[in-house]
Each structure stands twice: as structure tokens, then as C-alpha cells.
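Novice: Below is the file work.cif, which contains mmCIF, C-alpha atoms.
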data_protein
loop_
_atom_site.label_atom_id
_atom_site.label_comp_id
_atom_site.auth_asym_id
_atom_site.auth_seq_id
_atom_site.Cartn_x
_atom_site.Cartn_y
_atom_site.Cartn_z
CA MET A 472 -3.04 1.62 212.97
CA SER A 473 -4.87 4.88 213.61
CA PHE A 474 -8.23 5.15 215.33
CA HIS A 475 -11.23 7.47 215.15
CA LYS A 476 -13.03 8.33 218.37
CA PHE A 477 -16.57 9.68 218.11
CA GLN A 478 -18.72 11.19 220.82
CA ALA A 479 -22.11 12.93 220.54
CA ASP A 480 -25.08 13.92 222.68
CA ASN A 481 -26.07 10.27 222.32
CA ILE A 482 -25.03 7.17 220.42
CA PHE A 483 -27.61 4.72 219.11
CA SER A 484 -25.78 1.40 219.17
CA GLY A 485 -28.21 -0.37 216.86
CA LYS A 486 -30.07 -1.72 219.87
CA GLU A 487 -30.26 1.08 222.44
CA ILE A 488 -29.56 4.74 223.12
CA LEU A 489 -26.31 5.12 225.04
CA PRO A 490 -25.55 7.97 227.47
CA PRO A 491 -23.53 11.07 226.50
CA GLU A 492 -20.37 9.66 228.09
CA ALA A 493 -20.13 6.86 225.50
CA VAL A 494 -17.34 7.03 222.91
CA LEU A 495 -17.34 4.97 219.71
CA ILE A 496 -13.88 3.82 218.59
CA CYS A 497 -13.27 2.65 215.01
CA ASP A 498 -10.14 1.98 213.01
CA ASP A 499 -9.28 4.00 209.91
CA GLN A 500 -11.31 1.57 207.78
CA GLY A 501 -14.46 2.27 209.78
CA ILE A 502 -14.42 -1.11 211.53
CA VAL A 503 -15.83 -0.92 215.06
CA GLN A 504 -13.33 -1.68 217.84
CA GLN A 505 -15.34 -0.90 220.95
CA ILE A 506 -17.57 1.56 222.82
CA VAL A 507 -16.12 2.85 226.06
CA GLY A 508 -16.71 5.59 228.58
CA GLU A 509 -15.16 9.00 228.04
CA ASP A 510 -12.77 8.45 230.95
CA GLU A 511 -11.33 5.39 229.15
CA ALA A 512 -11.16 6.82 225.63
CA GLY A 513 -8.07 8.99 225.98
CA ASP A 514 -7.33 11.99 223.77
CA ASP A 515 -8.39 13.11 220.28
CA ILE A 516 -12.11 12.51 220.71
CA GLN A 517 -14.22 14.07 217.94
CA LYS A 518 -17.31 15.55 219.57
CA PHE A 519 -20.59 16.20 217.76
CA ILE A 520 -23.95 17.73 218.54
CA GLY A 521 -26.66 15.23 217.73
CA VAL A 522 -27.04 11.45 217.62
CA LEU A 523 -24.61 8.95 216.09
CA THR A 524 -26.26 5.95 214.46
CA PRO A 525 -25.16 3.04 212.29
CA GLY A 526 -25.80 3.53 208.58
CA PHE A 527 -29.36 3.03 207.37
CA VAL A 528 -30.62 -0.05 205.51
CA ASN A 529 -33.10 0.54 202.68
CA CYS A 530 -34.84 -2.82 202.40
CA HIS A 531 -36.92 -1.99 199.34
CA CYS A 532 -35.90 0.10 196.36
CA HIS A 533 -36.28 0.04 192.57
CA LEU A 534 -33.06 1.78 191.57
CA GLU A 535 -33.68 0.97 187.90
CA LEU A 536 -36.75 3.26 187.91
CA SER A 537 -34.85 6.35 189.05
CA HIS A 538 -35.29 8.00 185.64
CA MET A 539 -39.07 8.09 186.27
CA ARG A 540 -38.82 10.64 189.08
CA GLY A 541 -41.95 12.82 189.02
CA LEU A 542 -43.22 11.22 185.83
CA ILE A 543 -46.28 9.49 187.28
CA PRO A 544 -48.88 11.69 189.03
CA GLU A 545 -49.59 11.13 192.70
CA LYS A 546 -52.70 9.37 194.03
CA THR A 547 -53.55 7.37 190.91
CA GLY A 548 -54.12 4.11 192.80
CA LEU A 549 -51.94 1.04 192.42
CA VAL A 550 -53.43 -0.44 189.25
CA ASP A 551 -53.02 2.73 187.21
CA PHE A 552 -49.59 3.29 188.76
CA VAL A 553 -48.39 -0.21 187.74
CA PHE A 554 -49.80 0.25 184.25
CA SER A 555 -47.98 3.59 183.94
CA VAL A 556 -44.67 2.04 185.00
CA VAL A 557 -45.02 -0.81 182.52
CA THR A 558 -45.92 1.48 179.62
CA GLN A 559 -43.73 4.52 180.37
CA ARG A 560 -40.45 3.11 181.75
CA HIS A 561 -38.64 2.93 178.40
CA PHE A 562 -36.08 5.76 178.09
CA PRO A 563 -32.73 6.06 176.30
CA GLU A 564 -30.16 3.94 178.13
CA GLU A 565 -27.85 6.89 178.76
CA GLU A 566 -30.60 8.72 180.67
CA ILE A 567 -31.42 5.63 182.72
CA LEU A 568 -27.78 5.04 183.70
CA HIS A 569 -27.27 8.67 184.67
CA ALA A 570 -30.39 8.62 186.84
CA ILE A 571 -29.23 5.42 188.56
CA LYS A 572 -25.86 6.97 189.40
CA THR A 573 -27.51 10.14 190.72
CA ALA A 574 -29.99 8.16 192.83
CA GLU A 575 -27.28 5.97 194.35
CA ASN A 576 -25.31 9.06 195.31
CA GLU A 577 -28.47 10.48 196.90
CA MET A 578 -28.79 7.37 199.06
CA ILE A 579 -25.14 7.59 200.12
CA GLN A 580 -25.54 11.26 201.07
CA ASN A 581 -28.65 10.34 203.07
CA GLY A 582 -26.73 7.85 205.22
CA ILE A 583 -27.86 4.63 203.53
CA VAL A 584 -25.26 1.83 203.48
CA ALA A 585 -27.26 -1.14 202.19
CA VAL A 586 -30.13 -1.64 199.76
CA GLY A 587 -32.54 -4.44 198.93
CA ASP A 588 -32.95 -3.63 195.25
CA ILE A 589 -35.61 -4.89 192.87
CA CYS A 590 -34.21 -5.82 189.45
CA ASN A 591 -36.09 -6.47 186.22
CA ASN A 592 -33.12 -5.78 183.93
CA LEU A 593 -29.36 -5.19 184.08
CA PHE A 594 -29.30 -1.39 183.97
CA THR A 595 -28.00 -1.20 187.56
CA LEU A 596 -25.18 -3.70 187.00
CA SER A 597 -22.39 -1.28 186.08
CA GLN A 598 -23.14 1.02 189.02
CA LYS A 599 -23.25 -1.87 191.47
CA GLN A 600 -19.90 -3.11 190.25
CA GLN A 601 -18.36 -0.02 191.86
CA GLN A 602 -19.31 -1.41 195.30
CA ASN A 603 -20.37 1.96 196.72
CA LEU A 604 -23.19 0.34 198.69
CA HIS A 605 -24.04 -3.14 199.89
CA TYR A 606 -26.77 -4.56 197.65
CA TYR A 607 -29.07 -7.53 197.90
CA ASN A 608 -30.49 -8.01 194.40
CA PHE A 609 -34.08 -9.22 194.19
CA ILE A 610 -34.43 -10.36 190.59
CA GLU A 611 -38.14 -10.20 189.97
CA ALA A 612 -40.07 -12.81 188.05
CA SER A 613 -43.57 -11.97 186.89
CA GLY A 614 -46.10 -13.58 184.61
CA TRP A 615 -49.73 -14.20 185.50
CA LEU A 616 -50.40 -16.47 182.53
CA PRO A 617 -49.20 -20.08 182.97
CA THR A 618 -48.18 -20.18 179.30
CA VAL A 619 -45.42 -17.58 179.77
CA ALA A 620 -43.89 -19.08 182.95
CA ALA A 621 -40.89 -20.74 181.30
CA GLU A 622 -40.03 -17.71 179.17
CA ARG A 623 -40.29 -15.26 182.09
CA PHE A 624 -38.24 -17.50 184.35
CA GLU A 625 -35.40 -17.77 181.83
CA ARG A 626 -35.31 -14.00 181.51
CA SER A 627 -35.05 -13.64 185.29
CA ARG A 628 -32.45 -16.37 185.51
CA ALA A 629 -30.24 -14.58 182.99
CA ASN A 630 -30.39 -11.43 185.12
CA TYR A 631 -29.65 -13.53 188.20
CA ASP A 632 -26.57 -15.09 186.58
CA ALA A 633 -25.13 -11.62 185.91
CA LEU A 634 -26.04 -9.84 189.16
CA SER A 635 -25.23 -12.70 191.53
CA LYS A 636 -21.57 -12.45 190.49
CA ILE A 637 -21.21 -9.07 192.22
CA SER A 638 -23.54 -9.21 195.25
CA PRO A 639 -26.03 -11.51 197.02
CA SER A 640 -29.04 -12.21 194.82
CA SER A 641 -32.20 -14.27 194.61
CA VAL A 642 -34.98 -14.73 192.07
CA VAL A 643 -38.21 -13.58 193.70
CA PRO A 644 -41.92 -13.25 192.88
CA HIS A 645 -43.01 -9.73 191.97
CA ALA A 646 -46.41 -9.94 193.65
CA PRO A 647 -49.15 -12.50 194.30
CA TYR A 648 -51.28 -11.11 191.47
CA SER A 649 -48.49 -11.41 188.88
CA VAL A 650 -47.03 -14.89 189.44
CA SER A 651 -48.71 -18.08 188.25
CA GLU A 652 -48.43 -21.39 190.09
CA GLN A 653 -46.16 -22.62 187.30
CA LEU A 654 -43.80 -19.68 187.72
CA TRP A 655 -43.75 -20.13 191.51
CA GLU A 656 -42.42 -23.66 191.06
CA LEU A 657 -39.62 -22.49 188.77
CA ILE A 658 -38.31 -19.75 191.06
CA LYS A 659 -38.51 -21.55 194.42
CA PRO A 660 -34.99 -23.08 194.19
CA PHE A 661 -33.52 -19.62 193.60
CA TYR A 662 -34.48 -18.23 197.00
CA GLU A 663 -33.87 -21.36 199.09
CA ASN A 664 -32.04 -20.34 202.29
CA LYS A 665 -31.78 -16.80 200.87
CA VAL A 666 -33.89 -13.68 201.23
CA VAL A 667 -37.14 -13.60 199.29
CA SER A 668 -38.99 -10.34 198.78
CA ILE A 669 -42.58 -9.92 197.61
CA HIS A 670 -44.94 -6.96 197.26
CA ASN A 671 -47.68 -7.82 199.74
CA GLN A 672 -51.21 -6.48 200.16
CA GLU A 673 -50.32 -3.06 198.82
CA THR A 674 -53.94 -2.42 197.89
CA ALA A 675 -57.32 -3.63 199.12
CA PHE A 676 -58.03 -5.03 195.66
CA GLU A 677 -55.33 -7.67 196.12
CA ASP A 678 -57.38 -9.61 198.66
CA GLU A 679 -60.51 -9.19 196.53
CA LEU A 680 -58.79 -11.01 193.67
CA PHE A 681 -57.96 -14.04 195.80
CA LEU A 682 -61.18 -14.07 197.76
CA GLN A 683 -63.63 -13.81 194.88
CA ASN A 684 -61.87 -12.87 191.62
CA SER A 685 -63.17 -9.31 191.66
CA GLY A 686 -61.79 -5.81 192.11
CA ASP A 687 -59.41 -3.54 190.27
CA PHE A 688 -56.88 -6.22 189.34
CA VAL A 689 -59.52 -7.78 187.11
CA ARG A 690 -59.63 -4.41 185.33
CA MET A 691 -55.83 -4.40 185.07
CA TYR A 692 -55.81 -7.80 183.37
CA GLU A 693 -58.40 -6.49 180.94
CA MET A 694 -56.25 -3.41 180.26
CA MET A 695 -53.33 -5.72 179.53
CA LYS A 696 -55.57 -7.95 177.37
CA LEU A 697 -54.82 -11.07 179.41
CA ASP A 698 -57.14 -14.08 179.17
CA THR A 699 -57.61 -15.08 182.82
CA ALA A 700 -60.22 -17.79 182.30
CA PHE A 701 -57.79 -20.26 183.89
CA TYR A 702 -57.87 -18.51 187.28
CA LYS A 703 -59.86 -19.84 190.23
CA PRO A 704 -59.84 -17.79 193.47
CA SER A 705 -58.72 -19.51 196.67
CA GLY A 706 -61.36 -17.92 198.89
CA LYS A 707 -58.58 -16.79 201.25
CA SER A 708 -56.64 -13.56 201.58
CA SER A 709 -53.72 -12.97 199.26
CA LEU A 710 -51.11 -13.57 201.98
CA GLN A 711 -52.76 -16.74 203.23
CA THR A 712 -52.99 -18.04 199.66
CA TYR A 713 -49.32 -17.77 198.67
CA PHE A 714 -47.34 -17.67 201.93
CA ASN A 715 -46.52 -21.37 202.16
CA ASN A 716 -44.66 -21.04 198.86
CA LEU A 717 -41.98 -19.18 200.84
CA SER A 718 -41.23 -21.99 203.31
CA ALA A 719 -37.73 -22.70 201.93
CA ALA A 720 -36.49 -19.10 202.16
CA GLY A 721 -33.95 -18.12 204.80
CA GLN A 722 -35.58 -14.72 205.35
CA VAL A 723 -38.96 -13.47 204.11
CA LEU A 724 -39.44 -9.78 203.32
CA LEU A 725 -43.09 -8.76 202.96
CA VAL A 726 -43.17 -5.32 201.37
CA HIS A 727 -45.81 -2.58 201.85
CA ASN A 728 -48.42 -4.51 203.88
CA THR A 729 -50.74 -1.53 203.58
CA PHE A 730 -53.87 -3.67 203.92
CA THR A 731 -52.51 -6.59 205.96
CA LYS A 732 -54.92 -7.68 208.69
CA GLN A 733 -54.59 -9.23 212.14
CA GLU A 734 -55.60 -12.68 210.87
CA ASP A 735 -52.88 -12.50 208.21
CA VAL A 736 -50.21 -11.79 210.81
CA GLU A 737 -51.51 -14.66 212.96
CA PHE A 738 -51.31 -16.94 209.93
CA VAL A 739 -47.68 -15.92 209.30
CA LYS A 740 -46.74 -16.52 212.94
CA LYS A 741 -48.21 -20.01 212.90
CA ALA A 742 -46.63 -20.88 209.56
CA ARG A 743 -43.12 -19.62 210.26
CA HIS A 744 -40.86 -18.48 213.08
CA ASN A 745 -41.46 -14.75 213.37
CA ASN A 746 -37.78 -13.75 213.51
CA SER A 747 -37.35 -14.87 209.91
CA VAL A 748 -40.21 -12.71 208.55
CA SER A 749 -39.92 -8.93 208.21
CA PHE A 750 -42.64 -6.44 207.35
CA CYS A 751 -41.17 -3.66 205.22
CA LEU A 752 -42.86 -0.25 205.41
CA CYS A 753 -42.61 2.20 202.50
CA VAL A 754 -44.97 4.82 203.86
CA ASN A 755 -44.11 7.67 201.51
CA ALA A 756 -44.77 5.45 198.50
CA ASN A 757 -48.08 4.34 200.02
CA ARG A 758 -49.07 7.98 200.43
CA TYR A 759 -47.81 8.85 196.94
CA ILE A 760 -49.82 6.10 195.22
CA GLU A 761 -52.92 5.55 197.35
CA GLU A 762 -52.88 8.00 200.27
CA ALA A 763 -52.80 5.02 202.63
CA VAL A 764 -50.66 4.07 205.64
CA PRO A 765 -49.83 0.52 206.83
CA PRO A 766 -51.30 -0.78 210.12
CA ILE A 767 -48.16 -0.02 212.12
CA GLU A 768 -49.83 -0.23 215.53
CA MET A 769 -51.17 -3.70 214.75
CA LEU A 770 -47.76 -4.90 213.53
CA ARG A 771 -46.09 -3.58 216.69
CA LYS A 772 -48.65 -5.21 218.97
CA ASN A 773 -47.85 -8.51 217.30
CA ASN A 774 -44.10 -8.01 217.84
CA CYS A 775 -43.44 -8.12 214.11
CA ASN A 776 -39.95 -7.40 212.82
CA ILE A 777 -40.43 -4.03 211.10
CA VAL A 778 -37.99 -2.65 208.53
CA LEU A 779 -38.03 0.35 206.21
CA GLY A 780 -37.78 0.98 202.47
CA THR A 781 -38.12 3.89 200.08
CA ASP A 782 -39.59 2.17 197.02
CA SER A 783 -38.63 3.98 193.78
CA LEU A 784 -38.36 7.55 192.59
CA ALA A 785 -41.37 6.75 190.40
CA SER A 786 -43.41 6.48 193.61
CA ASN A 787 -41.56 8.65 196.12
CA TRP A 788 -40.15 12.14 196.43
CA SER A 789 -36.75 10.98 197.74
CA LEU A 790 -34.59 7.97 198.53
CA ASN A 791 -34.14 8.84 202.16
CA ILE A 792 -34.84 6.51 205.08
CA LEU A 793 -34.93 9.48 207.43
CA ASP A 794 -37.82 10.92 205.39
CA GLU A 795 -39.66 7.62 205.94
CA ILE A 796 -39.01 7.90 209.68
CA LYS A 797 -40.34 11.46 209.73
CA THR A 798 -43.54 10.49 207.91
CA ILE A 799 -44.15 7.55 210.25
CA HIS A 800 -43.61 9.79 213.26
CA GLU A 801 -46.13 12.34 211.95
CA THR A 802 -48.84 9.66 212.01
CA PHE A 803 -47.59 7.72 215.04
CA PRO A 804 -45.99 10.33 217.35
CA PHE A 805 -45.79 7.91 220.30
CA LEU A 806 -42.97 5.96 218.60
CA THR A 807 -39.57 6.57 220.14
CA LEU A 808 -36.47 7.47 218.17
CA GLU A 809 -34.80 4.36 219.56
CA GLU A 810 -37.46 2.09 218.07
CA LEU A 811 -37.54 3.90 214.72
CA LEU A 812 -33.76 3.78 214.37
CA GLY A 813 -33.84 0.07 215.17
CA TRP A 814 -36.17 -0.48 212.21
CA ALA A 815 -33.81 1.50 210.00
CA THR A 816 -30.59 -0.25 211.05
CA ILE A 817 -30.27 -3.63 212.76
CA ASN A 818 -33.73 -4.89 211.76
CA GLY A 819 -33.04 -4.10 208.12
CA ALA A 820 -29.57 -5.63 208.23
CA ARG A 821 -31.04 -8.82 209.69
CA ALA A 822 -33.77 -8.95 207.05
CA LEU A 823 -31.15 -8.78 204.27
CA GLN A 824 -28.86 -11.34 205.98
CA MET A 825 -26.25 -8.62 206.49
CA ASP A 826 -26.36 -8.28 210.28
CA HIS A 827 -22.96 -9.95 210.62
CA LYS A 828 -21.38 -6.79 209.21
CA LEU A 829 -23.97 -3.97 209.30
CA GLY A 830 -26.73 -2.52 211.45
CA SER A 831 -25.05 -1.99 214.82
CA PHE A 832 -21.91 -0.71 216.51
CA GLU A 833 -20.53 -4.11 217.49
CA LYS A 834 -16.90 -5.17 217.35
CA ASP A 835 -15.56 -6.04 213.88
CA LYS A 836 -18.62 -4.70 212.07
CA LYS A 837 -18.34 -1.91 209.50
CA PRO A 838 -21.85 -0.44 209.63
CA GLY A 839 -21.12 3.10 208.53
CA ILE A 840 -21.44 6.05 210.90
CA VAL A 841 -24.17 8.66 210.42
CA LEU A 842 -24.68 11.82 212.44
CA LEU A 843 -28.22 13.09 212.96
CA GLU A 844 -27.70 16.74 213.80
CA ASN A 845 -30.08 18.88 215.87
CA VAL A 846 -32.16 16.01 217.21
CA ASP A 847 -33.10 15.28 220.81
CA VAL A 848 -33.55 11.56 221.48
CA PHE A 849 -36.18 12.37 224.12
CA ASP A 850 -38.14 14.79 221.92
CA THR A 851 -38.93 13.22 218.56
CA SER A 852 -40.66 16.39 217.37
CA THR A 853 -37.12 17.60 216.63
CA LEU A 854 -36.95 15.02 213.81
CA CYS A 855 -38.64 17.46 211.45
CA ARG A 856 -35.46 19.48 211.04
CA VAL A 857 -32.86 16.71 211.00
CA ILE A 858 -30.55 16.05 208.06
CA PRO A 859 -28.26 12.99 208.14
CA ARG A 860 -24.52 13.46 207.67
CA ARG A 861 -22.28 10.54 206.77
CA LEU A 862 -19.07 10.52 208.86
CA LEU A 863 -17.55 7.18 207.79
#
The structure in this file should be written as C-alpha cells.

Specialist:
Amino acid sequence: MSFHKFQADNIFSGKEILPPEAVLICDDQGIVQQIVGEDEAGDDIQKFIGVLTPGFVNCHCHLELSHMRGLIPEKTGLVDFVFSVVTQRHFPEEEILHAIKTAENEMIQNGIVAVGDICNNLFTLSQKQQQNLHYYNFIEASGWLPTVAAERFERSRANYDALSKISPSSVVPHAPYSVSEQLWELIKPFYENKVVSIHNQETAFEDELFLQNSGDFVRMYEMMKLDTAFYKPSGKSSLQTYFNNLSAAGQVLLVHNTFTKQEDVEFVKKARHNNSVSFCLCVNANRYIEEAVPPIEMLRKNNCNIVLGTDSLASNWSLNILDEIKTIHETFPFLTLEELLGWATINGARALQMDHKLGSFEKDKKPGIVLLENVDVFDTSTLCRVIPRRLL
């Protein structure tokens, strides 16, 4: 068996920055054997300028919307964005499939090795069958009206039956404002002990709906001609209203969290062990849609497990986790590269129940190897010029 030996200015192991003397040894399949000092590594060491890191994990993507790149204007607000997606997503199948293939290749080139992918149809099935990336399929169920719960569930279950044959999958709620109590009950068995993903508090109007049945979502229901006379607000925030529905899940992935508050995080911590809940940030999508940024400092102070996602090409300029890191660093320059890379690797792998094989340079894992060229781990301002390069 042949081995590859990699050395760089620094290696990020998935948990910490290692000194320049460290050498990563993998077999020819990319499976990690060990990390040793240069004096123990022997000959044939490949040396690079930059930082070696495990492959990135994109915890939230809508690959099936890749054909909508640049179609929806920026800064429309969430309600008008959602309405645009629903009404404008229908393209010829050939165009959709080509866009999916192109977008997946973009993620591979950008050092991504695993994706938590939202699925409302089977357009991504043929591409995923090629096993180019690790996928966790989140088959969305949505339907605000109780009368459509059974029909919407059966549609999601059919997609689940197809996609779960090729990669880990679960049926998940789209968002609190789009899932009725009846639909919640139908999908709960399909994320038991698995990962459940939900769009959470992406806009301020979400809490308004649950607190007092007001705000822009009321306008959205009117635009969609939905009779919502059945609905009675809980008088609590969105997160505090629905969160106990997720008690059976193995891992909970709360996505966006743009308007999540301190009391919501405290509620989550009391309701569930914190290590099994991850807060997924998609900052470029938040800026694209609403010019907002999640409360990252508050999440950090509460020791929340933070992970990263790109959302879709309908709501982002690229599918690149490094671009998300750069945007976060622009707003929060005190964050270290070590912490940011942890969000992008081991934290994401854990959130998708893939940390046994991805996310860190530990023996017998095959996490992918990405080189970040021209970056100084002690000077994160150098991030602005970094481009990831996939080595294995």
C-alpha cells in the first residue's frame, strides 16, 4: 500500500491548529493513518504553503434550486422570496438537471465533501447516485392547512422512499409557518433517531405569527389564498411553540436563526441536551434576502454548536463554505480561523451524524483534504484572498 504525506505551514486537525512540523499521512484512498512529527515521517513529504484542513460540510443547501441562480432579486424580504421560489421554480427538466450537476461540481471544487440537502422532488436523485459527495437528504414536508396534511405527507414519503435508498434521509418540516399540527404528527416517525432540519426564525415576522397572528406571513397566506381561520396563535415565540415536536430526533439542525433570541436558546438548552442541537448559519443567504445577520455573538456566549450552510443558488451568489466564513469574519473579526474551521468541519459532520467518517484528521476517517493557500492562521485578514484547493 502506498501512502501520501502532507505538510503545510499549519494543519487544522478538525479540532486544533497543529504546528508546522506536523505531517498528515493518508493511504492512497485518502484514509487517515496518523499525524506525526516531521522527524518521524520519513521521505517523500509533499510540502504546501497554506493550511491543510478536512473537507468542508455544507449543512444546508437546496441543490434542486440551482437553476434559479440570479433569478430572484436581492433584498426582497423572506415572504416575497418564498413566493417567488414557489411560483418561478418550474423550468424544463433538462435545464434543472444540468444546473444540479454544475452546482455539485462547484461544491466539490470549493472543498465541500458533505451536504445536508433539502429535497422537495427527485430532480437530484440521478446526480446523487454517482456518490460524488456525502449527502444527508432532508425531504421537506409542508402544508399549513390541516386538510392537506395527508396528501402532502404521502408526497414526501414517496420522495423519501426513493432517496433513502442511496443516502441517509429523513422527512422533515419545512418551517414552523408551513406545517400544521396534523402534518407534524405524520412526519415525526420519519426523523426518529435521525437528523431533523427546520428553517428557524429566518425573519422577525415568524415570531409575530406565533405570538399574535400578525405580520408578513399573514400577507403571504392571503397571497396564496389560504383560509387560515383555523389558526390560533400560541402566544410564544416560534421556536418555543414547535421545539418539543423534535424530541425524538437524534440530532436537531436549526437553520438560519437570524432572529433567534437569548430566551429561545435558554429554552432549547432546558428542553434538550445542547450537543444534539446545532445552529446552522447561512449568512450570505440572510444578506441576500433580508440584509440581516444572525446573532453569532449570542450563540457563542451560550456555547451553541454552530455549523455552516450555503442555502441555494436562488438565495446566494455561490455554494462555497469559505465564502460564508469570509462574510462572517467581515462582521465578527475577532473570530479565530481555528474556531471558524471547526464550524465548517467537525461541527457540521457531527450535526449530520457523519463524524465517524468525516470532519477531522483522525485515524480511519476519510474526511477529504483541502488546502487553503495564502492564509496565515494568526492573521485572519488574509482570508479575503484565499481559494480552497482539493488535494484528496

Novice: For the atom pair atom CA of Met825 of chain A and atom CA of Val666 of chain A, what is the interatomic distance in Å to one decimal place?

Specialist: 10.6 Å

Novice: Evaluate the PyMOL selection byres ((chain A and resi 555) around 12) here and jot the selected residues down as an MDAnalysis selection string.

Specialist: chainID A and resid 536 539 542:545 547:554 556:561 691 694:695 760 785:786

Novice: Let me see the file: selected residues, C-alpha atoms, as a PDB file, in the coordinates of the input.

Specialist:
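Final output, saved to out_31.pdb:
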ATOM      1  CA  LEU A 536     -36.750   3.260 187.910  1.00  0.00           C
ATOM      2  CA  MET A 539     -39.070   8.090 186.270  1.00  0.00           C
ATOM      3  CA  LEU A 542     -43.220  11.220 185.830  1.00  0.00           C
ATOM      4  CA  ILE A 543     -46.280   9.490 187.280  1.00  0.00           C
ATOM      5  CA  PRO A 544     -48.880  11.690 189.030  1.00  0.00           C
ATOM      6  CA  GLU A 545     -49.590  11.130 192.700  1.00  0.00           C
ATOM      7  CA  THR A 547     -53.550   7.370 190.910  1.00  0.00           C
ATOM      8  CA  GLY A 548     -54.120   4.110 192.800  1.00  0.00           C
ATOM      9  CA  LEU A 549     -51.940   1.040 192.420  1.00  0.00           C
ATOM     10  CA  VAL A 550     -53.430  -0.440 189.250  1.00  0.00           C
ATOM     11  CA  ASP A 551     -53.020   2.730 187.210  1.00  0.00           C
ATOM     12  CA  PHE A 552     -49.590   3.290 188.760  1.00  0.00           C
ATOM     13  CA  VAL A 553     -48.390  -0.210 187.740  1.00  0.00           C
ATOM     14  CA  PHE A 554     -49.800   0.250 184.250  1.00  0.00           C
ATOM     15  CA  VAL A 556     -44.670   2.040 185.000  1.00  0.00           C
ATOM     16  CA  VAL A 557     -45.020  -0.810 182.520  1.00  0.00           C
ATOM     17  CA  THR A 558     -45.920   1.480 179.620  1.00  0.00           C
ATOM     18  CA  GLN A 559     -43.730   4.520 180.370  1.00  0.00           C
ATOM     19  CA  ARG A 560     -40.450   3.110 181.750  1.00  0.00           C
ATOM     20  CA  HIS A 561     -38.640   2.930 178.400  1.00  0.00           C
ATOM     21  CA  MET A 691     -55.830  -4.400 185.070  1.00  0.00           C
ATOM     22  CA  MET A 694     -56.250  -3.410 180.260  1.00  0.00           C
ATOM     23  CA  MET A 695     -53.330  -5.720 179.530  1.00  0.00           C
ATOM     24  CA  ILE A 760     -49.820   6.100 195.220  1.00  0.00           C
ATOM     25  CA  ALA A 785     -41.370   6.750 190.400  1.00  0.00           C
ATOM     26  CA  SER A 786     -43.410   6.480 193.610  1.00  0.00           C
TER      27      SER A 786
END

Novice: When the PyMOL selection byres ((chain A and resi 758) around 10) is applied to the file above, which residues end up in the set, as JSON, numbers by chain?

Specialist: {"A": [545, 546, 548, 753, 754, 755, 756, 757, 759, 760, 761, 762, 763, 764, 765, 786, 787, 798]}

Novice: Closest to Leu568 of chain A among A:Glu535, A:Asp514, A:Asp782, A:Glu801, using only C-alpha atoms?

Specialist: A:Glu535

Novice: Using all atoms listed in the file, which residues sit within 8 Å of Tyr606 of chain A once same-chain residues fewer than 2 positions away are excluded, as a ChimeraX atom specification?

Specialist: /A:585-588,599,604,608,638-639

Novice: Running the PyMOL selection byres ((chain A and resi 683) around 9) on this model by hand, what would come out? Give it as a VMD selection string.

Specialist: chain A and resid 678 to 682 684 to 686 703 to 707

Novice: What is the atom CA of Arg540 of chain A to atom CA of Val650 of chain A distance in Å?

Specialist: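 Atom CA of Val650 of chain A lies at a distance of 26.8 Å from atom CA of Arg540 of chain A.
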
Novice: Show me the residues close to (-30.3, -1.8, 206.9) - anything with an atom within 6 Å, counting only C-alpha atoms - and format the list as an MDAnalysis selection string.

Specialist: chainID A and resid 527:529 585 815:816 819:820 830

Novice: If you count only C-alpha atoms, which residues fall within 10 Å of Ala570 of chain A, apart from same-chain ones fewer than 2 positions away, as a ChimeraX atom specification?

Specialist: /A:534-540,564-568,572-576,784

Novice: When distances are computed from all atoms listed in the file, which of A:Ile502, A:Ala700, A:Leu634, A:Ala822 shows the smallest separation from Pro617 of chain A?

Specialist: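 Comparing A:Ile502, A:Ala700, A:Leu634, A:Ala822 against Pro617 of chain A, the winner is A:Ala700.
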
Novice: With distances taken over all atoms listed in the file, which residue among A:Ile799, A:Val507, A:Ala720, A:Ile583 lies nearest Glu833 of chain A?

Specialist: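 Of the candidates, the smallest distance to Glu833 of chain A is held by A:Val507.
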
Novice: To one decimal in Å, tell me the separation between atom CA of Ser783 of chain A and atom CA of His533 of chain A.

Specialist: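 Atom CA of Ser783 of chain A sits 4.7 Å away from atom CA of His533 of chain A.
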
Novice: Restricting the calculation to only C-alpha atoms, which member of A:Ser597, A:Thr807, A:Asn581, A:Gln505 is positioned closest to Val841 of chain A?

Specialist: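 Of all the options, A:Asn581 lies closest to Val841 of chain A.
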
Novice: Which residue out of A:Glu663, A:Asp632, A:Glu677, A:Glu492 has the minimum interatomic distance to Pro647 of chain A when all atoms listed in the file are used?

Specialist: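 Of A:Glu663, A:Asp632, A:Glu677, A:Glu492, the one nearest Pro647 of chain A is A:Glu677, counting all atoms listed in the file.
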
Novice: Could you name the residues that touch Val726 of chain A at 6 Å or less, counting only C-alpha atoms, but leaving out those on the same chain fewer than 3 positions away, as a short mmCIF file (atom, residue, chain, number, x, y, z; two decimals) with C-alpha atoms, keeping the file's coordinate frame?

Specialist:
data_model
loop_
_atom_site.label_atom_id
_atom_site.label_comp_id
_atom_site.auth_asym_id
_atom_site.auth_seq_id
_atom_site.Cartn_x
_atom_site.Cartn_y
_atom_site.Cartn_z
CA ILE A 669 -42.58 -9.92 197.61
CA HIS A 670 -44.94 -6.96 197.26
CA ASN A 671 -47.68 -7.82 199.74
CA CYS A 751 -41.17 -3.66 205.22
#
